[in-house]
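S.K.: Structure file work04.txt (compact mmCIF, C-alpha atoms) right here:
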# COMPACT_ATOMS: atom_id res chain seq x y z
CA MET A 13 0.00 0.00 0.00
CA LEU A 14 0.98 3.63 -0.46
CA ARG A 15 1.64 5.89 2.49
CA TYR A 16 2.10 9.65 2.45
CA ILE A 17 4.25 10.68 5.40
CA TYR A 18 5.82 13.99 6.37
CA ALA A 19 9.35 13.66 7.75
CA ASN A 20 8.27 14.68 11.25
CA ASP A 21 5.87 11.71 11.32
CA LEU A 22 8.41 9.13 10.11
CA HIS A 23 9.12 8.09 13.70
CA LYS A 24 5.64 6.52 13.78
CA PHE A 25 6.81 4.19 11.00
CA SER A 26 10.37 3.63 12.16
CA ASP A 27 11.01 0.26 10.43
CA LEU A 28 9.54 1.46 7.17
CA ALA A 29 11.54 4.71 7.35
CA HIS A 30 14.79 2.92 8.16
CA SER A 31 14.40 0.52 5.24
CA MET A 32 13.63 3.46 2.94
CA PHE A 33 16.86 5.26 3.84
CA VAL A 34 18.83 2.00 3.55
CA ASP A 35 17.32 1.31 0.12
CA ARG A 36 18.24 4.84 -0.91
CA ALA A 37 21.85 4.13 0.07
CA ASP A 38 21.70 0.93 -1.99
CA GLN A 39 20.30 2.68 -5.05
CA PHE A 40 22.18 5.97 -5.06
CA LYS A 41 25.53 4.98 -3.52
CA THR A 42 25.99 1.27 -4.28
CA ARG A 43 24.24 0.93 -7.63
CA LEU A 44 24.59 4.42 -9.14
CA GLY A 45 27.80 5.44 -7.41
CA TRP A 46 26.50 8.95 -6.69
CA ASP A 47 28.38 11.11 -4.22
CA VAL A 48 25.82 10.80 -1.41
CA ALA A 49 26.37 10.51 2.35
CA VAL A 50 25.59 7.21 4.06
CA ASP A 51 25.65 7.16 7.88
CA SER A 52 26.80 4.42 10.27
CA SER A 53 23.35 2.78 10.28
CA GLY A 54 23.51 2.46 6.50
CA GLU A 55 21.01 5.24 5.78
CA GLU A 56 21.37 7.76 2.96
CA ARG A 57 20.10 11.21 3.88
CA ASP A 58 20.80 14.68 2.62
CA GLU A 59 20.03 18.19 3.82
CA TYR A 60 16.66 18.22 2.03
CA ASP A 61 15.49 15.44 4.33
CA THR A 62 15.84 17.96 7.17
CA LEU A 63 13.32 20.38 5.56
CA ASN A 64 10.34 18.22 6.57
CA PRO A 65 9.58 16.91 3.08
CA LEU A 66 6.58 14.75 2.24
CA TYR A 67 7.49 11.16 1.34
CA VAL A 68 5.31 8.89 -0.72
CA ILE A 69 6.27 5.34 0.23
CA TRP A 70 5.21 1.96 -1.10
CA GLU A 71 4.98 -0.42 1.87
CA GLN A 72 5.58 -4.09 1.08
CA PRO A 73 3.33 -6.79 2.61
CA ASP A 74 6.08 -7.47 5.21
CA GLY A 75 6.10 -3.82 6.28
CA SER A 76 9.36 -2.89 4.58
CA HIS A 77 10.05 -0.25 1.95
CA GLY A 78 9.38 -1.14 -1.70
CA GLY A 79 9.88 2.28 -3.26
CA SER A 80 9.55 5.95 -2.48
CA MET A 81 9.93 9.53 -3.57
CA ARG A 82 10.29 12.83 -1.79
CA PHE A 83 8.41 16.10 -2.31
CA LEU A 84 9.17 19.70 -1.38
CA PRO A 85 7.43 22.88 -2.56
CA THR A 86 9.48 24.99 -4.97
CA THR A 87 8.50 28.09 -2.96
CA GLY A 88 11.18 26.98 -0.49
CA ARG A 89 14.65 25.53 -0.86
CA VAL A 90 14.82 22.77 -3.46
CA MET A 91 17.58 20.82 -5.14
CA VAL A 92 16.67 21.80 -8.66
CA ASN A 93 17.26 25.50 -7.91
CA ASP A 94 20.14 25.11 -5.42
CA ILE A 95 22.21 22.62 -7.39
CA PHE A 96 20.85 22.17 -10.92
CA GLY A 97 19.94 25.74 -11.92
CA HIS A 98 22.26 25.46 -14.93
CA LEU A 99 20.03 22.66 -16.30
CA THR A 100 16.90 24.82 -16.30
CA ASP A 101 18.15 27.70 -18.46
CA GLY A 102 19.02 29.56 -15.27
CA VAL A 103 15.33 29.84 -14.39
CA SER A 104 14.76 29.48 -10.68
CA ILE A 105 11.53 27.47 -10.59
CA CYS A 106 9.25 28.87 -7.93
CA SER A 107 5.49 28.43 -7.62
CA PRO A 108 3.03 27.00 -5.08
CA PHE A 109 1.67 24.92 -7.98
CA ILE A 110 5.01 23.23 -8.71
CA TRP A 111 6.52 20.72 -6.30
CA GLU A 112 9.93 19.12 -6.58
CA CYS A 113 10.16 15.34 -6.68
CA THR A 114 13.54 13.81 -5.84
CA ARG A 115 15.09 10.55 -4.58
CA PHE A 116 12.75 8.36 -6.61
CA CYS A 117 13.94 5.02 -5.30
CA LEU A 118 13.00 1.40 -5.90
CA SER A 119 14.08 -1.42 -3.61
CA ARG A 120 15.90 -4.37 -5.18
CA ASP A 121 13.01 -6.66 -4.21
CA ALA A 122 10.30 -4.37 -5.49
CA SER A 123 7.88 -5.83 -8.00
CA SER A 124 7.52 -4.12 -11.34
CA LYS A 125 4.29 -2.48 -10.24
CA VAL A 126 5.83 -0.34 -7.48
CA ALA A 127 7.06 2.43 -9.81
CA GLY A 128 3.58 2.75 -11.29
CA ALA A 129 1.99 2.82 -7.85
CA LEU A 130 4.31 5.65 -6.79
CA MET A 131 3.49 7.65 -9.88
CA LEU A 132 -0.20 7.16 -9.17
CA GLY A 133 0.49 8.59 -5.70
CA GLY A 134 2.02 11.59 -7.46
CA GLY A 135 -1.22 11.90 -9.43
CA GLU A 136 -3.26 11.93 -6.20
CA ILE A 137 -1.09 14.75 -4.86
CA MET A 138 -1.59 16.76 -8.03
CA ARG A 139 -5.36 16.23 -8.08
CA ASN A 140 -5.95 16.92 -4.43
CA PHE A 141 -3.55 19.78 -3.76
CA SER A 142 -3.95 21.84 -6.97
CA ILE A 143 -0.44 20.97 -8.17
CA ASP A 144 0.07 21.45 -11.92
CA HIS A 145 3.66 20.28 -12.28
CA PHE A 146 6.36 18.27 -10.63
CA VAL A 147 9.95 19.11 -11.40
CA GLY A 148 12.21 16.15 -10.74
CA VAL A 149 15.83 15.11 -10.55
CA PHE A 150 16.50 11.56 -11.69
CA ASP A 151 19.07 9.18 -13.14
CA ARG A 152 19.06 7.98 -16.74
CA ARG A 153 17.69 4.54 -15.90
CA MET A 154 14.48 6.19 -14.69
CA ILE A 155 13.64 7.56 -18.15
CA ARG A 156 12.85 4.03 -19.34
CA ILE A 157 10.91 3.22 -16.18
CA TYR A 158 8.83 6.40 -16.40
CA ARG A 159 7.98 5.55 -20.00
CA ALA A 160 6.93 2.04 -19.00
CA ILE A 161 4.53 3.33 -16.35
CA GLY A 162 2.95 5.79 -18.78
CA SER A 163 4.39 8.96 -17.34
CA SER A 164 7.31 10.29 -19.33
CA PRO A 165 8.64 13.64 -18.16
CA ASP A 166 9.82 16.45 -20.40
CA VAL A 167 13.57 16.49 -19.89
CA LEU A 168 14.69 20.07 -19.28
CA GLY A 169 18.36 19.37 -19.10
CA SER A 170 20.96 16.67 -18.40
CA GLU A 171 24.56 16.41 -17.36
CA GLY A 172 27.06 13.56 -17.10
CA GLN A 173 27.28 10.30 -19.02
CA GLY A 174 26.08 6.74 -18.49
CA ARG A 175 25.09 5.89 -14.95
CA ASP A 176 26.38 9.29 -13.82
CA GLN A 177 23.84 11.07 -15.97
CA ILE A 178 21.51 13.30 -13.99
CA ASN A 179 18.35 14.71 -15.54
CA VAL A 180 15.95 17.46 -14.59
CA GLY A 181 12.47 16.82 -15.92
CA LEU A 182 8.90 18.02 -15.71
CA TRP A 183 5.60 16.26 -15.28
CA GLU A 184 2.32 17.97 -15.94
CA PHE A 185 -1.00 17.01 -14.46
CA SER A 186 -3.99 16.18 -16.60
CA PRO A 187 -6.95 13.90 -15.86
CA GLY A 188 -6.01 11.87 -18.94
CA ALA A 189 -2.47 11.33 -17.63
CA TYR A 190 -3.89 10.21 -14.28
CA ASP A 191 -6.12 7.63 -15.99
CA ILE A 192 -3.22 6.21 -18.01
CA VAL A 193 -0.98 5.88 -14.92
CA ALA A 194 -3.83 4.31 -12.94
CA GLN A 195 -4.50 1.80 -15.70
CA ARG A 196 -0.84 0.82 -16.13
CA SER A 197 -0.32 0.51 -12.38
CA GLY A 198 -3.11 -2.07 -12.09
CA ILE A 199 -4.44 -0.22 -9.04
CA ALA A 200 -8.08 0.81 -9.01
CA PRO A 201 -8.49 4.59 -8.54
CA GLU A 202 -10.83 3.89 -5.58
CA ILE A 203 -8.05 2.02 -3.80
CA SER A 204 -5.56 4.77 -4.54
CA ARG A 205 -7.99 7.35 -3.13
CA MET A 206 -8.53 5.21 -0.05
CA TRP A 207 -4.78 5.13 0.66
CA PHE A 208 -4.59 8.86 0.16
CA ASP A 209 -7.50 9.48 2.55
CA ARG A 210 -5.97 7.17 5.12
CA SER A 211 -2.85 9.33 5.22
CA PHE A 212 -4.43 12.77 4.95
CA GLY A 213 -7.72 12.19 6.71
CA GLY A 214 -10.80 11.41 4.70
CA PRO A 215 -13.55 13.93 4.11
CA THR A 216 -15.85 13.33 7.06
CA ASP A 217 -18.76 15.53 8.00
CA LEU A 218 -19.07 14.11 11.49
CA PRO A 219 -18.06 16.85 13.92
CA MET A 220 -18.69 19.77 11.58
CA ALA A 221 -22.33 18.68 11.31
CA LEU A 222 -22.81 19.85 14.91
CA SER A 223 -24.04 23.16 13.62
CA ALA A 224 -26.21 21.85 10.80
CA MET B 1 -14.07 38.00 -15.22
CA ALA B 2 -14.98 40.98 -13.06
CA SER B 3 -13.91 39.37 -9.78
CA ARG B 4 -10.46 38.60 -11.19
CA ILE B 5 -10.04 42.25 -12.09
CA ASN B 6 -11.13 43.26 -8.59
CA LEU B 7 -8.81 40.73 -7.03
CA ASP B 8 -5.91 42.07 -9.10
CA ARG B 9 -6.79 45.56 -7.86
CA ILE B 10 -6.75 44.34 -4.26
CA LEU B 11 -3.38 42.66 -4.83
CA LYS B 12 -1.96 45.98 -5.99
CA ILE B 13 -3.19 47.62 -2.80
CA LEU B 14 -1.56 44.82 -0.81
CA GLU B 15 1.70 45.32 -2.65
CA ALA B 16 1.72 49.04 -1.84
CA THR B 17 0.94 48.45 1.84
CA SER B 18 3.61 49.25 4.38
CA SER B 19 1.76 48.59 7.64
CA LEU B 20 -0.10 45.85 9.50
CA GLU B 21 -3.22 48.04 9.41
CA GLY B 22 -2.90 47.98 5.65
CA ILE B 23 -2.88 44.18 5.62
CA GLN B 24 -5.97 44.16 7.85
CA ASP B 25 -7.74 46.48 5.44
CA VAL B 26 -6.85 44.25 2.48
CA ILE B 27 -7.98 41.08 4.22
CA GLU B 28 -11.43 42.61 4.78
CA LYS B 29 -11.61 43.58 1.11
CA VAL B 30 -10.75 40.03 0.06
CA ARG B 31 -13.35 38.59 2.44
CA ASP B 32 -16.03 40.85 0.95
CA LEU B 33 -14.99 40.01 -2.59
CA PHE B 34 -15.30 36.27 -2.01
CA GLU B 35 -18.51 36.75 0.01
CA ILE B 36 -17.41 34.43 2.77
CA ASP B 37 -17.67 34.82 6.54
CA HIS B 38 -14.00 34.97 7.52
CA ILE B 39 -10.39 35.13 6.46
CA VAL B 40 -7.55 34.93 8.93
CA TYR B 41 -3.86 35.26 8.26
CA HIS B 42 -1.56 34.30 11.07
CA TRP B 43 2.21 34.06 11.07
CA VAL B 44 5.14 33.29 13.31
CA ASP B 45 8.34 35.03 12.29
CA SER B 46 11.87 33.68 12.42
CA ALA B 47 12.33 35.11 15.94
CA GLY B 48 9.22 33.24 17.16
CA ASP B 49 6.99 36.32 17.45
CA GLN B 50 3.38 35.92 16.41
CA TYR B 51 1.20 38.21 14.37
CA GLY B 52 -2.32 37.87 13.12
CA CYS B 53 -4.95 39.73 11.26
CA GLY B 54 -8.36 38.75 10.08
CA THR B 55 -12.06 39.14 10.36
CA TYR B 56 -12.92 37.10 13.48
CA SER B 57 -14.74 39.00 16.23
CA ASP B 58 -12.55 40.52 18.96
CA GLU B 59 -14.47 38.39 21.42
CA TRP B 60 -13.42 35.17 19.67
CA VAL B 61 -9.81 36.29 19.35
CA GLN B 62 -9.71 37.07 23.10
CA ARG B 63 -11.39 33.77 23.93
CA TYR B 64 -8.91 31.88 21.70
CA LEU B 65 -5.95 33.46 23.48
CA GLU B 66 -7.39 33.03 26.99
CA GLN B 67 -8.23 29.36 26.46
CA GLU B 68 -4.85 28.77 24.78
CA TYR B 69 -6.64 27.08 21.92
CA LEU B 70 -3.42 27.29 19.91
CA ARG B 71 -2.48 24.03 21.66
CA THR B 72 -5.64 22.11 20.78
CA ASP B 73 -6.87 23.73 17.55
CA PRO B 74 -6.73 20.88 14.98
CA VAL B 75 -6.18 23.46 12.22
CA ILE B 76 -2.92 24.52 13.83
CA THR B 77 -1.72 21.05 14.81
CA GLY B 78 -2.76 19.63 11.42
CA CYS B 79 -1.03 22.32 9.35
CA TYR B 80 2.10 23.16 11.31
CA GLN B 81 5.29 22.23 9.42
CA ARG B 82 3.29 21.00 6.43
CA PHE B 83 2.77 22.50 3.03
CA HIS B 84 -0.42 21.12 1.49
CA PRO B 85 -3.77 22.96 1.63
CA VAL B 86 -6.27 21.40 4.01
CA ASP B 87 -10.04 21.26 4.12
CA TRP B 88 -10.97 21.36 7.80
CA LYS B 89 -13.15 18.28 7.33
CA ARG B 90 -9.98 16.23 6.78
CA LEU B 91 -8.53 17.17 10.16
CA ASP B 92 -8.76 15.03 13.25
CA TRP B 93 -11.62 16.37 15.40
CA SER B 94 -12.05 13.18 17.40
CA SER B 95 -10.41 14.19 20.69
CA LYS B 96 -12.43 15.71 23.51
CA PRO B 97 -10.47 19.02 23.56
CA ALA B 98 -10.89 19.33 19.78
CA ARG B 99 -14.66 18.92 20.12
CA VAL B 100 -14.85 21.46 22.92
CA PHE B 101 -12.87 23.87 20.79
CA LEU B 102 -15.08 23.25 17.76
CA ASP B 103 -18.23 23.83 19.75
CA ASP B 104 -16.88 27.12 21.05
CA ALA B 105 -15.70 28.19 17.57
CA LEU B 106 -19.14 27.50 16.11
CA LYS B 107 -20.78 29.54 18.89
CA HIS B 108 -18.51 32.44 18.02
CA GLY B 109 -19.47 32.40 14.37
CA VAL B 110 -16.28 30.96 12.86
CA GLY B 111 -18.41 28.84 10.53
CA ASN B 112 -18.87 25.12 10.00
CA GLN B 113 -16.57 24.95 6.96
CA GLY B 114 -12.96 25.91 6.58
CA TYR B 115 -9.92 25.66 4.33
CA SER B 116 -6.35 26.47 5.34
CA ILE B 117 -3.16 27.03 3.39
CA PRO B 118 0.09 26.55 5.33
CA ILE B 119 3.15 28.42 4.13
CA ARG B 120 6.78 27.97 5.04
CA GLY B 121 8.94 31.00 4.67
CA PRO B 122 12.70 31.31 5.08
CA ASN B 123 14.47 30.60 8.41
CA GLY B 124 11.60 28.79 10.08
CA GLN B 125 8.99 31.43 9.36
CA PHE B 126 5.54 29.80 9.26
CA ALA B 127 2.17 31.17 8.26
CA LEU B 128 -1.39 29.99 7.94
CA PHE B 129 -4.01 31.55 5.69
CA SER B 130 -7.50 30.31 6.51
CA ILE B 131 -10.97 30.97 5.21
CA SER B 132 -14.17 29.86 6.89
CA HIS B 133 -17.86 30.00 6.18
CA ASN B 134 -21.27 28.69 7.13
CA CYS B 135 -22.80 26.51 4.43
CA ASP B 136 -23.47 22.91 3.50
CA ASP B 137 -20.80 20.52 2.24
CA LEU B 138 -21.78 20.68 -1.41
CA VAL B 139 -21.68 24.49 -1.56
CA TRP B 140 -18.30 24.47 0.19
CA GLU B 141 -16.85 21.85 -2.09
CA LYS B 142 -17.85 23.90 -5.14
CA PHE B 143 -16.45 27.06 -3.59
CA THR B 144 -13.04 25.60 -2.74
CA GLU B 145 -12.82 23.83 -6.08
CA LYS B 146 -13.48 27.09 -7.90
CA HIS B 147 -11.28 29.36 -5.80
CA SER B 148 -8.51 27.23 -4.29
CA ARG B 149 -5.90 28.39 -6.78
CA ASP B 150 -6.56 32.09 -6.26
CA LEU B 151 -6.62 31.52 -2.50
CA ILE B 152 -3.28 29.70 -2.58
CA LEU B 153 -1.75 32.59 -4.53
CA LEU B 154 -3.28 35.13 -2.15
CA ALA B 155 -1.90 33.24 0.84
CA HIS B 156 1.60 33.40 -0.60
CA TYR B 157 1.29 37.07 -1.58
CA PHE B 158 0.11 37.94 1.94
CA ASN B 159 3.09 36.07 3.30
CA ARG B 160 5.46 37.85 0.96
CA LYS B 161 4.16 41.13 2.33
CA ALA B 162 4.50 39.96 5.93
CA LEU B 163 8.10 38.98 5.27
CA ASP B 164 8.77 42.56 4.16
CA PHE B 165 8.11 43.57 7.75
CA GLU B 166 10.85 41.34 9.15
CA PRO B 167 13.70 43.48 10.45
CA ASP B 168 17.11 43.32 8.74
CA ARG B 169 15.75 41.33 5.90
CA ALA B 170 18.03 40.67 2.95
CA PRO B 171 16.44 41.37 -0.44
CA GLU B 172 14.93 38.23 -1.86
CA GLN B 173 16.72 36.80 -4.88
CA SER B 174 13.83 34.55 -5.79
CA ARG B 175 11.69 37.48 -6.89
CA THR B 176 13.95 38.63 -9.70
CA LEU B 177 13.35 37.30 -13.19
CA SER B 178 16.11 35.34 -14.90
CA PRO B 179 17.15 36.38 -18.44
CA ARG B 180 15.17 33.43 -19.83
CA GLU B 181 12.01 34.54 -18.05
CA VAL B 182 12.53 38.08 -19.33
CA ASP B 183 12.75 36.64 -22.88
CA VAL B 184 9.54 34.66 -22.38
CA MET B 185 7.57 37.59 -20.96
CA THR B 186 8.88 39.98 -23.63
CA LEU B 187 7.81 37.71 -26.48
CA LEU B 188 4.38 37.18 -24.91
CA ALA B 189 4.01 40.94 -24.47
CA MET B 190 4.85 41.36 -28.16
CA GLY B 191 1.84 39.20 -28.95
CA TYR B 192 3.58 35.92 -29.74
CA SER B 193 1.46 32.82 -29.13
CA ARG B 194 2.79 30.23 -26.71
CA ALA B 195 3.66 27.93 -29.59
CA GLN B 196 5.64 30.73 -31.26
CA VAL B 197 7.48 31.58 -28.03
CA ALA B 198 8.39 27.93 -27.47
CA GLU B 199 9.65 27.60 -31.04
CA THR B 200 11.62 30.85 -30.89
CA LEU B 201 13.34 29.79 -27.67
CA SER B 202 13.72 26.11 -28.73
CA ILE B 203 11.92 24.78 -25.67
CA SER B 204 8.81 22.60 -25.39
CA GLU B 205 5.47 24.25 -24.68
CA HIS B 206 5.37 22.24 -21.50
CA THR B 207 8.66 23.75 -20.32
CA LEU B 208 7.42 27.16 -21.40
CA ARG B 209 4.35 26.78 -19.17
CA VAL B 210 6.61 26.18 -16.17
CA TYR B 211 8.73 29.25 -16.98
CA ILE B 212 5.60 31.39 -17.36
CA GLU B 213 4.22 30.01 -14.10
CA SER B 214 7.46 30.83 -12.27
CA ALA B 215 7.55 34.36 -13.68
CA ARG B 216 3.88 34.90 -12.84
CA PHE B 217 4.48 33.94 -9.22
CA LYS B 218 7.62 36.05 -8.87
CA LEU B 219 5.71 39.03 -10.25
CA GLY B 220 2.91 38.53 -7.72
CA ALA B 221 0.22 38.22 -10.37
CA LEU B 222 -2.94 36.14 -10.68
CA ASN B 223 -2.51 35.18 -14.33
CA THR B 224 -0.26 35.64 -17.34
CA THR B 225 -1.97 38.82 -18.56
CA HIS B 226 -1.53 40.50 -15.19
CA ALA B 227 2.04 39.22 -15.00
CA ILE B 228 2.93 40.83 -18.34
CA ALA B 229 1.32 44.11 -17.26
CA ARG B 230 3.36 44.10 -14.05
CA ALA B 231 6.61 43.26 -15.79
CA MET B 232 6.03 46.17 -18.17
CA SER B 233 4.99 48.69 -15.53
CA ARG B 234 8.06 47.83 -13.46
CA GLY B 235 10.30 48.24 -16.46
CA LEU B 236 11.44 44.61 -16.31
CA ILE B 237 10.54 44.12 -19.94
CA VAL B 238 10.59 46.66 -22.73
CA VAL B 239 8.45 46.11 -25.80
Written as structure tokens, that's how I'd like the structure from this file.
M.R.:
Amino acid sequence: MLRYIYANDLHKFSDLAHSMFVDRADQFKTRLGWDVAVDSSGEERDEYDTLNPLYVIWEQPDGSHGGSMRFLPTTGRVMVNDIFGHLTDGVSICSPFIWECTRFCLSRDASSKVAGALMLGGGEIMRNFSIDHFVGVFDRRMIRIYRAIGSSPDVLGSEGQGRDQINVGLWEFSPGAYDIVAQRSGIAPEISRMWFDRSFGGPTDLPMALSA
Amino acid sequence: MASRINLDRILKILEATSSLEGIQDVIEKVRDLFEIDHIVYHWVDSAGDQYGCGTYSDEWVQRYLEQEYLRTDPVITGCYQRFHPVDWKRLDWSSKPARVFLDDALKHGVGNQGYSIPIRGPNGQFALFSISHNCDDLVWEKFTEKHSRDLILLAHYFNRKALDFEPDRAPEQSRTLSPREVDVMTLLAMGYSRAQVAETLSISEHTLRVYIESARFKLGALNTTHAIARAMSRGLIVV
């Protein structure tokens, strides 16, 4: 199932959170060889994890991490403006309707449907929070995966070669795009909405009806 | 749309404001324009000092402070340190203190519906822009669906103004347009279509939309037309 968790609530899901940061170390340090910091407990974290980002996490049946991504609003500090400004024509991307998506990570044991499920979670965020675009930082391998799950970004700019290649790309929300991602993910939209409501509180008219 | 024009006018007044009284005046104008019961804007600056303005009755504001509702108000606890807009129905009202608070808020005319937009500024600054009203769920859903985008922009523009009041504040880099954004806005002002601008600059229309969106927000405008007008009146683009 998908969970949407702000960093300051990760302690309520400590096993899940730990396995996410360990899987990030495995993907970004071990497999991609990126220059990222891994601490003594094997977790990869960077300074953007300290800005209380929102994580979307696929939880495996055994409670461990299957895949995840991290969101921050571009109205605050984000990687794409701090580090990759030269890949966006020097435009500092800043709008409450554009969120940054980084550290898209898949565990080694994740089934092929996890990437699609995560992208569907991205679609829920866009639909529910009036977000028009995500701007993301991702490795070259992800381009193929994004295509397979029916959600190819527009690549704004790239640098590096081979597994070192880093891309900045854009996703745009449209109801049609949501339907395609939902279909490819094999997850019914009702289920996706249920997961979303479980994390953010469902629309309930219980206490507010006091005045009715 | 007439209301858009009026809202743009109000935003210009907000921009020219240099006092808290000015913000209070603008918030009342916005409330009247949207024809809702209340708007409240509340922020905590980087030194931890709190400010607020809004349309709640003095009695309710006093009551809120006396009862220290800041500790139990689900709107505060549910929005603090977050950054997504929240319909009050999605908050957790299940605890006893939350229900007591809700009952009191309803008695003081806050309204049975609400929508809040949390904002994080630099250096730990935090703000909350909330609207509330008395109506049924369907009416509220339609209202927030129709106006959420303008309200989100307003919330950020209010916050931008509040940040201007912070002492010793360094000028904000993020509000200046990059050369690329100047190119985009200049071509649009010259009457180029989006497709023509994208082709001229060798970027996709999708990328162009993001550049326009960024420029619009930096210029403090509600839409592209207003953004172009502002860029021209400030001399940022010359056509």
S.K.: Quick one: everything within 9 Å of range 203-217 of chain A, counting all atoms listed in the file, minus sequence neighbours fewer than 2 positions away in the same chain. Send it as a list of chain:residue names.
M.R.: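 Counting all atoms listed in the file, the residues come to A:Met13, A:Leu14, A:Arg15, A:Tyr16, A:Ile17, A:Ala129, A:Leu132, A:Gly133, A:Glu136, A:Ile137, A:Ala194, A:Ile199, A:Ala200, A:Pro201, A:Pro219, A:Met220, A:Ala221, B:Val86, B:Asp87, B:Trp88, B:Lys89, B:Arg90, B:Leu91, B:Asp92, B:Asp137.
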S.K.: Between CA of His77 in chain A and CA of His23 in chain A, what distance in Å does the model show, to one decimal?
M.R.: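 We find that CA of His77 in chain A and CA of His23 in chain A lie 14.4 Å from each other.
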S.K.: Please identify all polymer residues within 9 Å of range 189-201 of chain B, counting only C-alpha atoms, omitting same-chain residues fewer than 2 positions from it, and present them as a PyMOL selection string.
M.R.: chain B and resi 180+183-187+203-209+225+228-229+232+237-239
S.K.: For the residues in that selection, give me C-alpha atoms as an mmCIF file, in the coordinates of the input.
M.R.:
data_model
loop_
_atom_site.group_PDB
_atom_site.id
_atom_site.type_symbol
_atom_site.label_atom_id
_atom_site.label_comp_id
_atom_site.auth_asym_id
_atom_site.auth_seq_id
_atom_site.Cartn_x
_atom_site.Cartn_y
_atom_site.Cartn_z
ATOM 1 C CA ARG B 180 15.170 33.430 -19.830
ATOM 2 C CA ASP B 183 12.750 36.640 -22.880
ATOM 3 C CA VAL B 184 9.540 34.660 -22.380
ATOM 4 C CA MET B 185 7.570 37.590 -20.960
ATOM 5 C CA THR B 186 8.880 39.980 -23.630
ATOM 6 C CA LEU B 187 7.810 37.710 -26.480
ATOM 7 C CA ILE B 203 11.920 24.780 -25.670
ATOM 8 C CA SER B 204 8.810 22.600 -25.390
ATOM 9 C CA GLU B 205 5.470 24.250 -24.680
ATOM 10 C CA HIS B 206 5.370 22.240 -21.500
ATOM 11 C CA THR B 207 8.660 23.750 -20.320
ATOM 12 C CA LEU B 208 7.420 27.160 -21.400
ATOM 13 C CA ARG B 209 4.350 26.780 -19.170
ATOM 14 C CA THR B 225 -1.970 38.820 -18.560
ATOM 15 C CA ILE B 228 2.930 40.830 -18.340
ATOM 16 C CA ALA B 229 1.320 44.110 -17.260
ATOM 17 C CA MET B 232 6.030 46.170 -18.170
ATOM 18 C CA ILE B 237 10.540 44.120 -19.940
ATOM 19 C CA VAL B 238 10.590 46.660 -22.730
ATOM 20 C CA VAL B 239 8.450 46.110 -25.800
#
S.K.: Only residues of chain A matter here; which ones have an atom within 10 Å of chain B, counting all atoms listed in the file? Give them as a VMD selection string.
M.R.: chain A and resid 18 to 20 63 to 66 84 to 89 93 100 to 110 137 140 to 147 165 to 168 181 to 184 209 212 to 224
S.K.: Taking all atoms listed in the file into account, which of B:Lys161, B:Lys146, B:Lys96, B:Arg230 comes nearest Leu14 in chain B?
M.R.: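 Once distances to Leu14 in chain B are computed over all atoms listed in the file, the minimum belongs to B:Lys161.
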S.K.: To box range 82-90 of chain A, take all atoms listed in the file, fit an axis-aligned box, add 8 Å on each side, and give centre and edge lengths in Å to one decimal, as JSON.
M.R.:
{"center_x": 11.1, "center_y": 20.5, "center_z": -2.7, "size_x": 23.4, "size_y": 31.3, "size_z": 20.5}
S.K.: Here's a test: counting only C-alpha atoms, identify every protein, DNA and RNA residue with an atom at most 9 Å from (18.7, 14.2, -18.3) in the file's coordinate frame, and state them as a list in words.
M.R.: Leu99, Val149, Phe150, Asp151, Arg152, Ile155, Val167, Leu168, Gly169, Ser170, Glu171, Gly172, Gln177, Ile178, Asn179, Val180 and Gly181 of chain A
S.K.: Considering all atoms listed in the file, state which residue in the set B:Leu70, B:Leu163, B:Asn123, B:Ser132 is at the smallest distance from Ala47 in chain B.
M.R.: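 Of the candidates, the smallest distance to Ala47 in chain B is held by B:Asn123.
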S.K.: For range 4-11 of chain B, find every residue with an atom within 9 Å (counting only C-alpha atoms), except residues of its own chain fewer than 6 positions away, and show them as a list in words.
M.R.: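 Neighbouring residues, sequence-local ones excluded: Val26, Lys29, Val30, Leu33, Asp150, Leu154, Tyr157, Phe158, Gly220, Ala221, Leu222 and His226 of chain B.
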S.K.: For CA of Leu22 in chain A and CA of Trp70 in chain A, quote the distance in Å rounded to one decimal.
M.R.: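 These two atoms are separated by 13.7 Å.
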S.K.: What residues have an atom no more than 7 Å from (2.2, 44.4, 5.2) in the file's own frame, counting all atoms listed in the file, and can you write them as a list in words?
M.R.: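 Returned residue set, sorted by chain then number, is Thr17, Ser18, Ser19, Leu20, Gly22, Ile23, Lys161, Ala162, Asp164 and Phe165 of chain B.
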S.K.: Would you mind listing what lies within 7 Å of range 55-63 of chain B as a list in words, with all atoms listed in the file counted and same-chain residues fewer than 4 positions away left out?
M.R.: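 Here the qualifying residues turn out to be Glu28, His38, Ile39, Val40, Gln67 and His108 of chain B.
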S.K.: I'd like the neighbourhood of Phe83 in chain A as a list in words, where a residue qualifies if any of its atoms comes within 9 Å (using only C-alpha atoms), though same-chain residues fewer than 5 positions away should be ignored.
M.R.: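 Returned residues: Pro65, Leu66, Tyr67, Val68, Trp111, Glu112, Cys113, Thr114, Arg115 and Phe146 of chain A.
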S.K.: May I ask which of the residues B:Val44, B:Tyr51, B:Lys142, B:Glu35 is the closest one to Glu21 in chain B, counting all atoms listed in the file?
M.R.: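 The closest residue to Glu21 in chain B is B:Tyr51.
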S.K.: Closest to Phe126 in chain B among B:Ala231, B:Cys79, B:Leu138, B:Leu236, using only C-alpha atoms?
M.R.: B:Cys79
S.K.: Could you tell me how far CA of Phe34 in chain B lies from CA of Ala127 in chain B, in Å and to one decimal?
M.R.: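 Computing it gives 20.9 Å between the two atoms.
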